[in-house]
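A short write-up of the structure that comes next.
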Amino acid sequence: MNKCDLRIVYLGTPEFAVASLRALVEGGYNVVAVVTMPDKPAGRGHQLQFSDVKKYALEVGLPVLQPEKLKDEAFIEELRSYKADLQIVVAFRMLPEIVWAMPRLGTFNLHASLLPQYRGAAPINWAVMNGDQETGATTFMLKHEIDTGNMILQERLPIGPDENVGSVHDRLMAMGTGLVTRTVDLIIDCENKGIEIPTTPQPEIAELRPAPKIFKEDCEIRFDQKTATEVHNFVRGLSPYPAAWANLTINGQLFENVKIFAVAPTANDQQPSTKNGLIIPCREGAVRILELQVPGKKRMDAKAFLNGLH
RNA sequence: CGCGGAGUAGAGCAGUGGUAGCUCGUCAGGCUCAUAACCUGAAGGUCGGUGGUUCGAUCCCGCCCUCCGCAA
């Protein structure tokens with residue numbers, strides 16, 4: 001079997017999933033259809049928005065399936081009609097067994113963490129928020145419990161001490177493309193040799209850190225409850241999306257819902273200060289805010305913000 | 001027709017029915033390490049676009065363009 005003989009159905013939604021899809025398409029793999037989220041009204045003015053994966057699929061002329069419900073009879077029938085040998089899911093949603101068990105060779109997932117760590121929806125954010133110095137990406141075969149299947153390939157990636165999640169996301173996305181294509185190559189190779197795909201059960205680890213979906217209320221910075229280092233990690237783990245925020249009182253003026261994109265730990269300070277930049281005291285130490293955004297305003301560095309105070 | 005904010009000097013913001021200021025930056029000079037330092041001086045704006053009201057509009061009214069927050 002050649003890579004152009006293997007029929008692949010690809011499931012994914014955001015930008016992170018586009019990279020691997022593109023790698024497959026441009027690498028000459030036989031992607032026969034794409035499954036993605038239904039179009040939704042979004043953005044200012046509630047315009048109908050296509051998912052990033054759908055935009056790309058349309059660009060290259062791939063069939064797009066957008067089921068409201070993954071168990072829907074019509075959708076299952078349509079999916080079957082593509083006669084996939086393999087399904088690949090990247091940043092999609094939970095799949096019912098009837099979907100992931102459908103292809104002859106099964107379904108594998110690209111997950112943006114070193115499994116078994118950071119199972120869940122926001123693995124990249126949590127790794128940075130926890131101050132980890134390393135993360136990675138893993139491909140694994142789907143099974144019932146989410147993000148627990150046997151691992152196929154895994155690759156590690158260092159996290160810089162001041163790096164934010166946006167940067168880690170982009171680097172993991174690039175790394176993921178290689179992981180996905182190599183996983184497919186491996187599967188084809190095993191198929192040709194008539195052997196099982198070698199997989200490894202996820203190791204048992206005592207200290208398992210989860211990576212649940214992050215909501216806005218989880219993003220408020222509690223300066224009084226965190227050390228300067230913790231605030232720093234929290235901010236970069238949420239920057240640029242979904243962004244940490246806080247209500248700040250500066251020179252007696254209250255600013256609500258201020259998004260904070262970058263801070264640097266700095267010398268201790270008891271009071272919020274604007275003398276040497278925008279300094280906010282923490283439970284231990286203090287941070288200097290480097291980049292922020294007030295509602296209705298543009299994102300700006302702290303210096304610009306201070307220039308506008310009056 | 002989802003709700004809302006905003007377009008004034010390179011940046012961030014004030015302001016007024018009689019053609020505009022602040023902080024920062026820039027440039028020139030001084031001081032000399034204050035780790036986003038200090039002093040002096042200068043340059044730099046058809047106040048988003050377009051109609052209207054007015055003796056006169058950056059400011060009031062209509063339309064257009066652009067940017068942003070919320071919500072999804």
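Labels used: A, B, ... for chains in the order of the structure tokens, numbers from 1 for residues in each chain, and numbers from 1 for ligands as shown.
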Quick check: residues of chain B within 8 Å of chain A, only C-alpha atoms (C1' of nucleotides), returned as number ranges by chain. B: 2, 5-6, 11-14, 23-24, 36, 68-69, 72
Store the residues picked out above, limited to N, CA and C atoms (P, O5', C5', C4', C3', O3' and C1' of nucleotides), as a PDB file, in the first residue's frame.
```
ATOM      1  P     G B   2     -27.120  41.657  14.154  1.00  0.00           P
ATOM      2  O5'   G B   2     -27.309  42.259  15.636  1.00  0.00           O
ATOM      3  C5'   G B   2     -28.619  42.296  16.191  1.00  0.00           C
ATOM      4  C4'   G B   2     -28.544  41.978  17.657  1.00  0.00           C
ATOM      5  C3'   G B   2     -27.802  43.029  18.461  1.00  0.00           C
ATOM      6  O3'   G B   2     -28.659  44.114  18.776  1.00  0.00           O
ATOM      7  C1'   G B   2     -26.977  40.909  19.041  1.00  0.00           C
ATOM      8  P     G B   5     -21.785  53.526  23.571  1.00  0.00           P
ATOM      9  O5'   G B   5     -20.212  53.328  23.624  1.00  0.00           O
ATOM     10  C5'   G B   5     -19.510  53.415  24.856  1.00  0.00           C
ATOM     11  C4'   G B   5     -18.043  53.173  24.635  1.00  0.00           C
ATOM     12  C3'   G B   5     -17.350  54.176  23.723  1.00  0.00           C
ATOM     13  O3'   G B   5     -16.979  55.347  24.417  1.00  0.00           O
ATOM     14  C1'   G B   5     -16.732  51.993  23.088  1.00  0.00           C
ATOM     15  P     A B   6     -16.990  56.772  23.616  1.00  0.00           P
ATOM     16  O5'   A B   6     -15.788  56.591  22.597  1.00  0.00           O
ATOM     17  C5'   A B   6     -14.465  56.400  23.079  1.00  0.00           C
ATOM     18  C4'   A B   6     -13.536  56.049  21.949  1.00  0.00           C
ATOM     19  C3'   A B   6     -13.386  57.090  20.849  1.00  0.00           C
ATOM     20  O3'   A B   6     -12.526  58.124  21.273  1.00  0.00           O
ATOM     21  C1'   A B   6     -13.483  54.899  19.922  1.00  0.00           C
ATOM     22  P     A B  11       0.700  57.147  15.572  1.00  0.00           P
ATOM     23  O5'   A B  11       1.178  56.712  17.021  1.00  0.00           O
ATOM     24  C5'   A B  11       1.624  55.379  17.270  1.00  0.00           C
ATOM     25  C4'   A B  11       1.786  55.160  18.752  1.00  0.00           C
ATOM     26  C3'   A B  11       0.563  55.512  19.588  1.00  0.00           C
ATOM     27  O3'   A B  11      -0.381  54.448  19.607  1.00  0.00           O
ATOM     28  C1'   A B  11       2.481  56.498  20.556  1.00  0.00           C
ATOM     29  P     G B  12      -1.949  54.792  19.816  1.00  0.00           P
ATOM     30  O5'   G B  12      -1.983  55.245  21.339  1.00  0.00           O
ATOM     31  C5'   G B  12      -1.734  54.290  22.365  1.00  0.00           C
ATOM     32  C4'   G B  12      -1.780  54.964  23.707  1.00  0.00           C
ATOM     33  C3'   G B  12      -3.055  55.751  23.983  1.00  0.00           C
ATOM     34  O3'   G B  12      -4.104  54.894  24.394  1.00  0.00           O
ATOM     35  C1'   G B  12      -1.172  57.041  24.586  1.00  0.00           C
ATOM     36  P     C B  13      -5.617  55.411  24.406  1.00  0.00           P
ATOM     37  O5'   C B  13      -5.443  56.750  25.244  1.00  0.00           O
ATOM     38  C5'   C B  13      -6.506  57.668  25.364  1.00  0.00           C
ATOM     39  C4'   C B  13      -6.022  58.789  26.223  1.00  0.00           C
ATOM     40  C3'   C B  13      -6.953  59.990  26.292  1.00  0.00           C
ATOM     41  O3'   C B  13      -7.959  59.775  27.273  1.00  0.00           O
ATOM     42  C1'   C B  13      -4.727  60.711  25.901  1.00  0.00           C
ATOM     43  P     A B  14      -9.339  60.517  27.125  1.00  0.00           P
ATOM     44  O5'   A B  14      -8.957  61.917  27.759  1.00  0.00           O
ATOM     45  C5'   A B  14      -9.103  63.078  27.043  1.00  0.00           C
ATOM     46  C4'   A B  14      -8.534  64.215  27.839  1.00  0.00           C
ATOM     47  C3'   A B  14      -9.339  65.490  27.683  1.00  0.00           C
ATOM     48  O3'   A B  14     -10.387  65.551  28.623  1.00  0.00           O
ATOM     49  C1'   A B  14      -7.065  65.922  27.221  1.00  0.00           C
ATOM     50  P     U B  23       3.785  67.958  29.650  1.00  0.00           P
ATOM     51  O5'   U B  23       3.743  66.371  29.667  1.00  0.00           O
ATOM     52  C5'   U B  23       3.491  65.668  30.885  1.00  0.00           C
ATOM     53  C4'   U B  23       3.431  64.188  30.605  1.00  0.00           C
ATOM     54  C3'   U B  23       4.629  63.633  29.844  1.00  0.00           C
ATOM     55  O3'   U B  23       5.718  63.357  30.699  1.00  0.00           O
ATOM     56  C1'   U B  23       2.639  62.847  28.852  1.00  0.00           C
ATOM     57  P     C B  24       7.174  63.433  30.121  1.00  0.00           P
ATOM     58  O5'   C B  24       7.242  62.270  29.043  1.00  0.00           O
ATOM     59  C5'   C B  24       7.272  60.909  29.454  1.00  0.00           C
ATOM     60  C4'   C B  24       7.095  59.995  28.261  1.00  0.00           C
ATOM     61  C3'   C B  24       8.161  60.070  27.171  1.00  0.00           C
ATOM     62  O3'   C B  24       9.343  59.373  27.519  1.00  0.00           O
ATOM     63  C1'   C B  24       6.016  59.929  26.187  1.00  0.00           C
ATOM     64  P     A B  36      14.917  50.758  33.505  1.00  0.00           P
ATOM     65  O5'   A B  36      14.257  52.118  32.986  1.00  0.00           O
ATOM     66  C5'   A B  36      14.856  52.735  31.851  1.00  0.00           C
ATOM     67  C4'   A B  36      13.833  53.706  31.296  1.00  0.00           C
ATOM     68  C3'   A B  36      13.409  54.711  32.367  1.00  0.00           C
ATOM     69  O3'   A B  36      13.444  56.045  31.893  1.00  0.00           O
ATOM     70  C1'   A B  36      11.531  53.433  31.583  1.00  0.00           C
ATOM     71  P     C B  68      -9.258  45.542  15.412  1.00  0.00           P
ATOM     72  O5'   C B  68      -9.814  45.886  16.861  1.00  0.00           O
ATOM     73  C5'   C B  68      -8.924  46.263  17.890  1.00  0.00           C
ATOM     74  C4'   C B  68      -9.682  46.761  19.084  1.00  0.00           C
ATOM     75  C3'   C B  68     -10.656  45.773  19.726  1.00  0.00           C
ATOM     76  O3'   C B  68      -9.991  44.851  20.560  1.00  0.00           O
ATOM     77  C1'   C B  68     -11.678  47.888  19.549  1.00  0.00           C
ATOM     78  P     G B  69     -10.682  43.455  20.930  1.00  0.00           P
ATOM     79  O5'   G B  69     -11.680  43.877  22.099  1.00  0.00           O
ATOM     80  C5'   G B  69     -11.174  44.293  23.363  1.00  0.00           C
ATOM     81  C4'   G B  69     -12.327  44.629  24.279  1.00  0.00           C
ATOM     82  C3'   G B  69     -13.354  43.530  24.471  1.00  0.00           C
ATOM     83  O3'   G B  69     -12.949  42.573  25.425  1.00  0.00           O
ATOM     84  C1'   G B  69     -14.457  45.549  24.019  1.00  0.00           C
ATOM     85  P     A B  72     -22.293  34.201  26.008  1.00  0.00           P
ATOM     86  O5'   A B  72     -22.474  33.957  24.449  1.00  0.00           O
ATOM     87  C5'   A B  72     -22.565  32.649  23.977  1.00  0.00           C
ATOM     88  C4'   A B  72     -22.570  32.664  22.478  1.00  0.00           C
ATOM     89  C3'   A B  72     -21.739  31.531  21.863  1.00  0.00           C
ATOM     90  O3'   A B  72     -22.505  30.350  21.739  1.00  0.00           O
ATOM     91  C1'   A B  72     -21.083  33.597  20.914  1.00  0.00           C
TER      92        A B  72
END
```
Taking the chain letters and numbering used in this document, name the residues of stretch 128-285 of chain A that DSSP puts in helix (DSSP H, G or I), as a PyMOL selection string. chain A and resi 128-129+165-193+216-219+223-225+228-237
Nearest residue to A:Gln225 out of A:Arg171, A:Lys259, A:Arg283, A:Lys213, using only C-alpha atoms? A:Arg283
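Going from atom CA of A:Leu86 over to atom CA of A:Gly28, you cover 15.3 Å.
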Taking only C-alpha atoms (C1' of nucleotides) into account, which of B:C47, B:C55, B:A37, B:C64 comes nearest B:G15? B:C47
Choose the residue, out of A:Ile197, A:Ile214, A:Val165, A:Val9, that has the smallest atom-to-atom separation from A:Ile152; count only C-alpha atoms. A:Ile197
